[in-house]
$ cat target.cif   # mmCIF, C-alpha atoms; chains and numbers go by the auth columns
data_work
loop_
_atom_site.group_PDB
_atom_site.id
_atom_site.type_symbol
_atom_site.label_atom_id
_atom_site.label_comp_id
_atom_site.label_asym_id
_atom_site.label_seq_id
_atom_site.Cartn_x
_atom_site.Cartn_y
_atom_site.Cartn_z
_atom_site.B_iso_or_equiv
_atom_site.auth_seq_id
_atom_site.auth_asym_id
ATOM 1 C CA MET A 1 320.349 138.844 58.647 0.00 139 A
ATOM 2 C CA ALA A 2 320.459 140.628 61.964 0.00 140 A
ATOM 3 C CA VAL A 3 320.053 138.689 65.192 0.00 141 A
ATOM 4 C CA THR A 4 318.130 140.399 67.943 0.00 142 A
ATOM 5 C CA TRP A 5 318.843 139.309 71.484 0.00 143 A
ATOM 6 C CA VAL A 6 316.097 139.498 74.031 0.00 144 A
ATOM 7 C CA SER A 7 316.939 139.800 77.671 0.00 145 A
ATOM 8 C CA GLY A 8 315.779 137.230 80.195 0.00 146 A
ATOM 9 C CA ASP A 9 313.544 139.820 81.836 0.00 147 A
ATOM 10 C CA ALA A 10 311.743 140.490 78.552 0.00 148 A
ATOM 11 C CA CYS A 11 311.207 136.763 77.962 0.00 149 A
ATOM 12 C CA GLY A 12 309.902 136.316 81.476 0.00 150 A
ATOM 13 C CA GLN A 13 307.561 139.254 81.079 0.00 151 A
ATOM 14 C CA ALA A 14 306.303 137.930 77.740 0.00 152 A
ATOM 15 C CA ALA A 15 305.644 134.507 79.292 0.00 153 A
ATOM 16 C CA ASP A 16 303.772 136.118 82.183 0.00 154 A
ATOM 17 C CA ASP A 17 301.687 138.201 79.772 0.00 155 A
ATOM 18 C CA LEU A 18 300.828 135.105 77.730 0.00 156 A
ATOM 19 C CA ALA A 19 299.833 133.202 80.881 0.00 157 A
ATOM 20 C CA GLU A 20 297.554 136.046 81.971 0.00 158 A
ATOM 21 C CA ALA A 21 295.937 136.280 78.535 0.00 159 A
ATOM 22 C CA THR A 22 295.423 132.502 78.421 0.00 160 A
ATOM 23 C CA ASP A 23 293.909 132.525 81.906 0.00 161 A
ATOM 24 C CA ALA A 24 291.528 135.344 81.017 0.00 162 A
ATOM 25 C CA ALA A 25 290.443 133.716 77.742 0.00 163 A
ATOM 26 C CA PHE A 26 289.991 130.307 79.375 0.00 164 A
ATOM 27 C CA HIS A 27 287.676 131.653 82.082 0.00 165 A
ATOM 28 C CA GLN A 28 285.383 133.033 79.351 0.00 166 A
ATOM 29 C CA HIS A 29 284.856 129.534 77.910 0.00 167 A
ATOM 30 C CA ALA A 30 281.618 127.732 78.805 0.00 168 A
ATOM 31 C CA ASP A 31 283.446 124.552 79.928 0.00 169 A
ATOM 32 C CA SER A 32 286.017 126.260 82.147 0.00 170 A
ATOM 33 C CA GLU A 33 284.109 125.631 85.391 0.00 171 A
ATOM 34 C CA ILE A 34 283.742 121.927 84.603 0.00 172 A
ATOM 35 C CA LEU A 35 287.431 121.515 83.812 0.00 173 A
ATOM 36 C CA LEU A 36 288.510 123.443 86.889 0.00 174 A
ATOM 37 C CA SER A 37 286.375 121.195 89.093 0.00 175 A
ATOM 38 C CA PHE A 38 288.799 118.313 88.409 0.00 176 A
ATOM 39 C CA PRO A 39 291.613 117.833 90.912 0.00 177 A
ATOM 40 C CA GLY A 40 295.025 118.730 89.571 0.00 178 A
ATOM 41 C CA LEU A 41 293.786 121.009 86.794 0.00 179 A
ATOM 42 C CA GLY A 42 294.612 124.676 87.117 0.00 180 A
ATOM 43 C CA PRO A 43 293.666 127.324 84.569 0.00 181 A
ATOM 44 C CA LEU A 44 296.705 126.894 82.310 0.00 182 A
ATOM 45 C CA LEU A 45 296.741 123.100 82.280 0.00 183 A
ATOM 46 C CA ALA A 46 292.950 122.972 81.862 0.00 184 A
ATOM 47 C CA ALA A 47 293.232 125.391 78.932 0.00 185 A
ATOM 48 C CA ARG A 48 295.850 123.111 77.407 0.00 186 A
ATOM 49 C CA VAL A 49 293.629 120.028 77.808 0.00 187 A
ATOM 50 C CA LEU A 50 290.653 121.899 76.343 0.00 188 A
ATOM 51 C CA ALA A 51 292.737 123.113 73.414 0.00 189 A
ATOM 52 C CA GLU A 52 293.754 119.544 72.587 0.00 190 A
ATOM 53 C CA ILE A 53 290.339 117.895 72.895 0.00 191 A
ATOM 54 C CA GLY A 54 288.395 120.819 71.423 0.00 192 A
ATOM 55 C CA ASP A 55 284.952 121.986 72.441 0.00 193 A
ATOM 56 C CA ASP A 56 282.880 120.082 69.893 0.00 194 A
ATOM 57 C CA ARG A 57 280.718 117.729 71.976 0.00 195 A
ATOM 58 C CA THR A 58 280.108 115.401 69.013 0.00 196 A
ATOM 59 C CA ARG A 59 283.815 114.897 68.266 0.00 197 A
ATOM 60 C CA PHE A 60 284.083 111.940 70.653 0.00 198 A
ATOM 61 C CA ALA A 61 280.900 109.886 70.668 0.00 199 A
ATOM 62 C CA GLU A 62 282.001 107.925 73.715 0.00 200 A
ATOM 63 C CA ALA A 63 284.700 108.115 76.344 0.00 201 A
ATOM 64 C CA ARG A 64 286.612 105.255 74.735 0.00 202 A
ATOM 65 C CA ALA A 65 287.225 107.407 71.647 0.00 203 A
ATOM 66 C CA LEU A 66 288.673 110.233 73.771 0.00 204 A
ATOM 67 C CA LYS A 67 290.885 107.789 75.671 0.00 205 A
ATOM 68 C CA SER A 68 292.171 106.291 72.425 0.00 206 A
ATOM 69 C CA TYR A 69 292.829 109.741 70.961 0.00 207 A
ATOM 70 C CA ALA A 70 294.846 110.676 74.037 0.00 208 A
ATOM 71 C CA GLY A 71 296.717 107.374 73.995 0.00 209 A
ATOM 72 C CA SER A 72 295.810 106.404 77.541 0.00 210 A
ATOM 73 C CA ALA A 73 293.636 103.433 76.560 0.00 211 A
ATOM 74 C CA PRO A 74 295.525 100.185 75.988 0.00 212 A
ATOM 75 C CA ILE A 75 295.520 98.526 72.604 0.00 213 A
ATOM 76 C CA THR A 76 294.593 94.849 72.433 0.00 214 A
ATOM 77 C CA ARG A 77 295.643 92.493 69.670 0.00 215 A
ATOM 78 C CA ALA A 78 294.270 88.992 69.833 0.00 216 A
ATOM 79 C CA SER A 79 294.348 85.957 67.620 0.00 217 A
ATOM 80 C CA GLY A 80 293.029 82.494 68.350 0.00 218 A
ATOM 81 C CA LYS A 81 295.874 81.571 70.698 0.00 219 A
ATOM 82 C CA LYS A 82 297.663 84.747 71.673 0.00 220 A
ATOM 83 C CA ARG A 83 296.571 87.980 73.262 0.00 221 A
ATOM 84 C CA PHE A 84 298.710 91.119 73.559 0.00 222 A
ATOM 85 C CA VAL A 85 297.777 94.224 75.532 0.00 223 A
ATOM 86 C CA GLY A 86 300.143 97.154 75.107 0.00 224 A
ATOM 87 C CA ARG A 87 300.368 100.898 74.976 0.00 225 A
ATOM 88 C CA ARG A 88 299.465 103.052 72.017 0.00 226 A
ATOM 89 C CA PHE A 89 302.155 104.610 69.885 0.00 227 A
ATOM 90 C CA VAL A 90 299.823 106.657 67.678 0.00 228 A
ATOM 91 C CA LYS A 91 298.321 109.326 69.904 0.00 229 A
ATOM 92 C CA ASN A 92 298.089 113.030 70.555 0.00 230 A
ATOM 93 C CA TYR A 93 301.421 113.576 72.295 0.00 231 A
ATOM 94 C CA ARG A 94 300.523 117.069 73.512 0.00 232 A
ATOM 95 C CA LEU A 95 297.379 115.771 75.189 0.00 233 A
ATOM 96 C CA MET A 96 299.265 112.820 76.659 0.00 234 A
ATOM 97 C CA ASN A 97 301.914 115.163 78.061 0.00 235 A
ATOM 98 C CA ALA A 98 299.273 117.430 79.585 0.00 236 A
ATOM 99 C CA GLY A 99 297.507 114.342 80.911 0.00 237 A
ATOM 100 C CA PHE A 100 300.611 113.092 82.683 0.00 238 A
ATOM 101 C CA LEU A 101 301.031 116.504 84.313 0.00 239 A
ATOM 102 C CA TRP A 102 297.361 116.388 85.289 0.00 240 A
ATOM 103 C CA ALA A 103 297.573 112.899 86.771 0.00 241 A
ATOM 104 C CA PHE A 104 300.751 113.746 88.671 0.00 242 A
ATOM 105 C CA SER A 105 299.345 116.929 90.202 0.00 243 A
ATOM 106 C CA ALA A 106 296.074 115.142 91.053 0.00 244 A
ATOM 107 C CA LEU A 107 297.984 112.823 93.382 0.00 245 A
ATOM 108 C CA GLN A 108 298.340 115.686 95.855 0.00 246 A
ATOM 109 C CA ALA A 109 294.924 117.238 95.236 0.00 247 A
ATOM 110 C CA SER A 110 292.718 114.138 95.366 0.00 248 A
ATOM 111 C CA PRO A 111 292.703 111.372 97.985 0.00 249 A
ATOM 112 C CA GLY A 112 290.783 109.116 95.584 0.00 250 A
ATOM 113 C CA ALA A 113 293.283 109.623 92.766 0.00 251 A
ATOM 114 C CA ASN A 114 296.147 108.974 95.157 0.00 252 A
ATOM 115 C CA ALA A 115 294.488 105.782 96.412 0.00 253 A
ATOM 116 C CA ARG A 116 293.923 104.569 92.852 0.00 254 A
ATOM 117 C CA TYR A 117 297.538 105.320 91.904 0.00 255 A
ATOM 118 C CA ARG A 118 298.872 103.562 95.038 0.00 256 A
ATOM 119 C CA ARG A 119 296.660 100.547 94.370 0.00 257 A
ATOM 120 C CA ARG A 120 298.025 100.235 90.822 0.00 258 A
ATOM 121 C CA ARG A 121 301.587 100.528 92.127 0.00 259 A
ATOM 122 C CA GLU A 122 300.958 97.816 94.737 0.00 260 A
ATOM 123 C CA HIS A 123 299.687 95.531 91.977 0.00 261 A
ATOM 124 C CA GLY A 124 302.998 95.879 90.134 0.00 262 A
ATOM 125 C CA ASP A 125 302.487 98.775 87.730 0.00 263 A
ATOM 126 C CA TRP A 126 305.404 101.075 87.164 0.00 264 A
ATOM 127 C CA HIS A 127 304.971 104.812 87.756 0.00 265 A
ATOM 128 C CA ASN A 128 304.123 105.647 84.119 0.00 266 A
ATOM 129 C CA ALA A 129 301.633 102.805 83.802 0.00 267 A
ATOM 130 C CA ALA A 130 299.887 103.787 87.039 0.00 268 A
ATOM 131 C CA GLN A 131 299.714 107.403 85.877 0.00 269 A
ATOM 132 C CA ARG A 132 298.360 106.326 82.493 0.00 270 A
ATOM 133 C CA HIS A 133 295.612 104.308 84.223 0.00 271 A
ATOM 134 C CA LEU A 134 294.757 107.322 86.375 0.00 272 A
ATOM 135 C CA LEU A 135 294.660 109.580 83.314 0.00 273 A
ATOM 136 C CA ASN A 136 292.454 107.031 81.558 0.00 274 A
ATOM 137 C CA ARG A 137 290.028 107.216 84.492 0.00 275 A
ATOM 138 C CA PHE A 138 290.068 111.037 84.490 0.00 276 A
ATOM 139 C CA LEU A 139 289.449 111.221 80.730 0.00 277 A
ATOM 140 C CA GLY A 140 286.400 108.988 81.061 0.00 278 A
ATOM 141 C CA GLN A 141 285.088 111.190 83.837 0.00 279 A
ATOM 142 C CA LEU A 142 285.878 114.338 81.859 0.00 280 A
ATOM 143 C CA HIS A 143 283.934 113.022 78.879 0.00 281 A
ATOM 144 C CA HIS A 144 280.966 112.234 81.126 0.00 282 A
ATOM 145 C CA CYS A 145 281.073 115.616 82.857 0.00 283 A
ATOM 146 C CA LEU A 146 281.294 117.531 79.577 0.00 284 A
ATOM 147 C CA GLN A 147 278.418 115.557 78.044 0.00 285 A
ATOM 148 C CA THR A 148 276.136 115.939 81.075 0.00 286 A
ATOM 149 C CA ARG A 149 277.345 119.448 82.030 0.00 287 A
ATOM 150 C CA GLN A 150 278.205 118.320 85.583 0.00 288 A
ATOM 151 C CA HIS A 151 281.123 119.178 87.826 0.00 289 A
ATOM 152 C CA PHE A 152 283.570 116.507 88.941 0.00 290 A
ATOM 153 C CA ASP A 153 282.432 114.545 92.006 0.00 291 A
ATOM 154 C CA GLU A 154 285.259 112.972 94.035 0.00 292 A
ATOM 155 C CA ARG A 155 282.974 110.628 95.945 0.00 293 A
ATOM 156 C CA GLY A 156 281.253 109.354 92.829 0.00 294 A
ATOM 157 C CA ALA A 157 284.490 108.935 90.906 0.00 295 A
ATOM 158 C CA PHE A 158 286.478 107.045 93.522 0.00 296 A
ATOM 159 C CA ALA A 159 283.759 105.749 95.888 0.00 297 A
ATOM 160 C CA PRO A 160 285.036 102.152 96.343 0.00 298 A
ATOM 161 C CA LEU A 161 288.610 103.319 96.917 0.00 299 A
ATOM 162 C CA LEU A 162 287.629 106.039 99.374 0.00 300 A
ATOM 163 C CA GLN A 163 285.435 103.646 101.370 0.00 301 A
ATOM 164 C CA ALA A 164 288.199 101.015 101.510 0.00 302 A
ATOM 165 C CA SER A 165 290.797 103.500 102.770 0.00 303 A
ATOM 166 C CA ALA A 166 288.470 104.975 105.436 0.00 304 A
#
$ encode --input "target.cif" --output "structure tokens"
Amino acid sequence: MAVTWVSGDACGQAADDLAEATDAAFHQHADSEILLSFPGLGPLLAARVLAEIGDDRTRFAEARALKSYAGSAPITRASGKKRFVGRRFVKNYRLMNAGFLWAFSALQASPGANARYRRRREHGDWHNAAQRHLLNRFLGQLHHCLQTRQHFDERGAFAPLLQASA
């Protein structure tokens, strides 16, 4: 079996070509404008999120189903005397990874997202937990925007936090 070595320039060019093709294909999708209206989502990351959730509007009947699929919603186990709230281990890891990138980049792009993240951190959440809560919020808003065919509204999404920081 012969091994073919590819130079770094060829790999870089192939990656650039794939990014351009993904960008062009994503902009042809009907939901691209809605996804790009969210802070922190560029064309490649939005295409990745769309690829993981799919474009079937009936796939997730409510936002809670999308959040559970992504793994951002907490799981609660309760008996008569004990209650446990923890993170999900069964989830779509690719969507969760894209979601963490989304939440992290939204901290710079959205004052409301940054305020929500900071508030969670002040209440004792670690970085990952605060990001997961932010992603959970974004996924609920994404579900709403895709169902109603609306663009993301910063003021509507983070109104109490933006008013408190002003």
$ residues_around --input "target.cif" --residues "region 150-162 of chain A" --least-positions-apart "3" --cutoff "10 Å" --atoms "only C-alpha atoms" --output "number ranges by chain"
A: 145-147, 165-167, 180-186
$ atom_distance --input "target.cif" --atom1 "CA of Gln285 (chain A)" --atom2 "CA of Thr196 (chain A)"
9.2 Å
$ resolve_selection --input "target.cif" --expression "the PyMOL selection byres ((chain A and resi 228-231) around 8)" --output "ChimeraX atom specification"
/A:206-209,226-227,232-235
$ axis_aligned_box --input "target.cif" --around "region 277-287 of chain A" --padding-each-side "5 Å" --output "JSON"
{"center_x": 282.8, "center_y": 114.2, "center_z": 80.9, "size_x": 23.3, "size_y": 20.5, "size_z": 15.8}
$ closest_atom_pairs --input "target.cif" --of "region 161-183 of chain A" --to "region 242-261 of chain A" --cutoff "12 Å" --atoms "only C-alpha atoms" --output "JSON lines"
{"residue": "A:Leu174", "atom": "CA", "partner": "A:Ala244", "partner_atom": "CA", "distance": 12.0}
{"residue": "A:Ser175", "atom": "CA", "partner": "A:Ala247", "partner_atom": "CA", "distance": 11.2}
{"residue": "A:Phe176", "atom": "CA", "partner": "A:Ala244", "partner_atom": "CA", "distance": 8.4}
{"residue": "A:Pro177", "atom": "CA", "partner": "A:Ala244", "partner_atom": "CA", "distance": 5.2}
{"residue": "A:Gly178", "atom": "CA", "partner": "A:Ala244", "partner_atom": "CA", "distance": 4.0}
{"residue": "A:Leu179", "atom": "CA", "partner": "A:Ala244", "partner_atom": "CA", "distance": 7.6}
{"residue": "A:Gly180", "atom": "CA", "partner": "A:Ser243", "partner_atom": "CA", "distance": 9.6}
{"residue": "A:Leu183", "atom": "CA", "partner": "A:Ser243", "partner_atom": "CA", "distance": 10.4}
$ residues_around --input "target.cif" --residues "Glu200 (chain A)" --least-positions-apart "3" --cutoff "8 Å" --atoms "only C-alpha atoms" --output "ChimeraX atom specification"
/A:203-204,281
$ atom_distance --input "target.cif" --atom1 "CA of Gln269 (chain A)" --atom2 "CA of Ala241 (chain A)"
6.0 Å
$ atom_distance --input "target.cif" --atom1 "CA of Asp263 (chain A)" --atom2 "CA of Phe238 (chain A)"
15.3 Å
$ resolve_selection --input "target.cif" --expression "the PyMOL selection byres ((chain A and resi 270) around 9)" --output "PyMOL selection string"
chain A and resi 209-211+234+237-238+241+265-269+271-275
$ closest_residue --input "target.cif" --among "A:Phe198, A:Gly224, A:Glu171, A:Gly192" --to "Phe290 (chain A)" --atoms "all atoms listed in the file"
A:Glu171
$ closest_residue --input "target.cif" --among "A:Leu277, A:Asp169, A:Ala297, A:Gln288" --to "Arg202 (chain A)" --atoms "all atoms listed in the file"
A:Leu277
$ closest_residue --input "target.cif" --among "A:Arg225, A:Arg287, A:Ala168, A:Phe276" --to "Pro212 (chain A)" --atoms "only C-alpha atoms"
A:Arg225
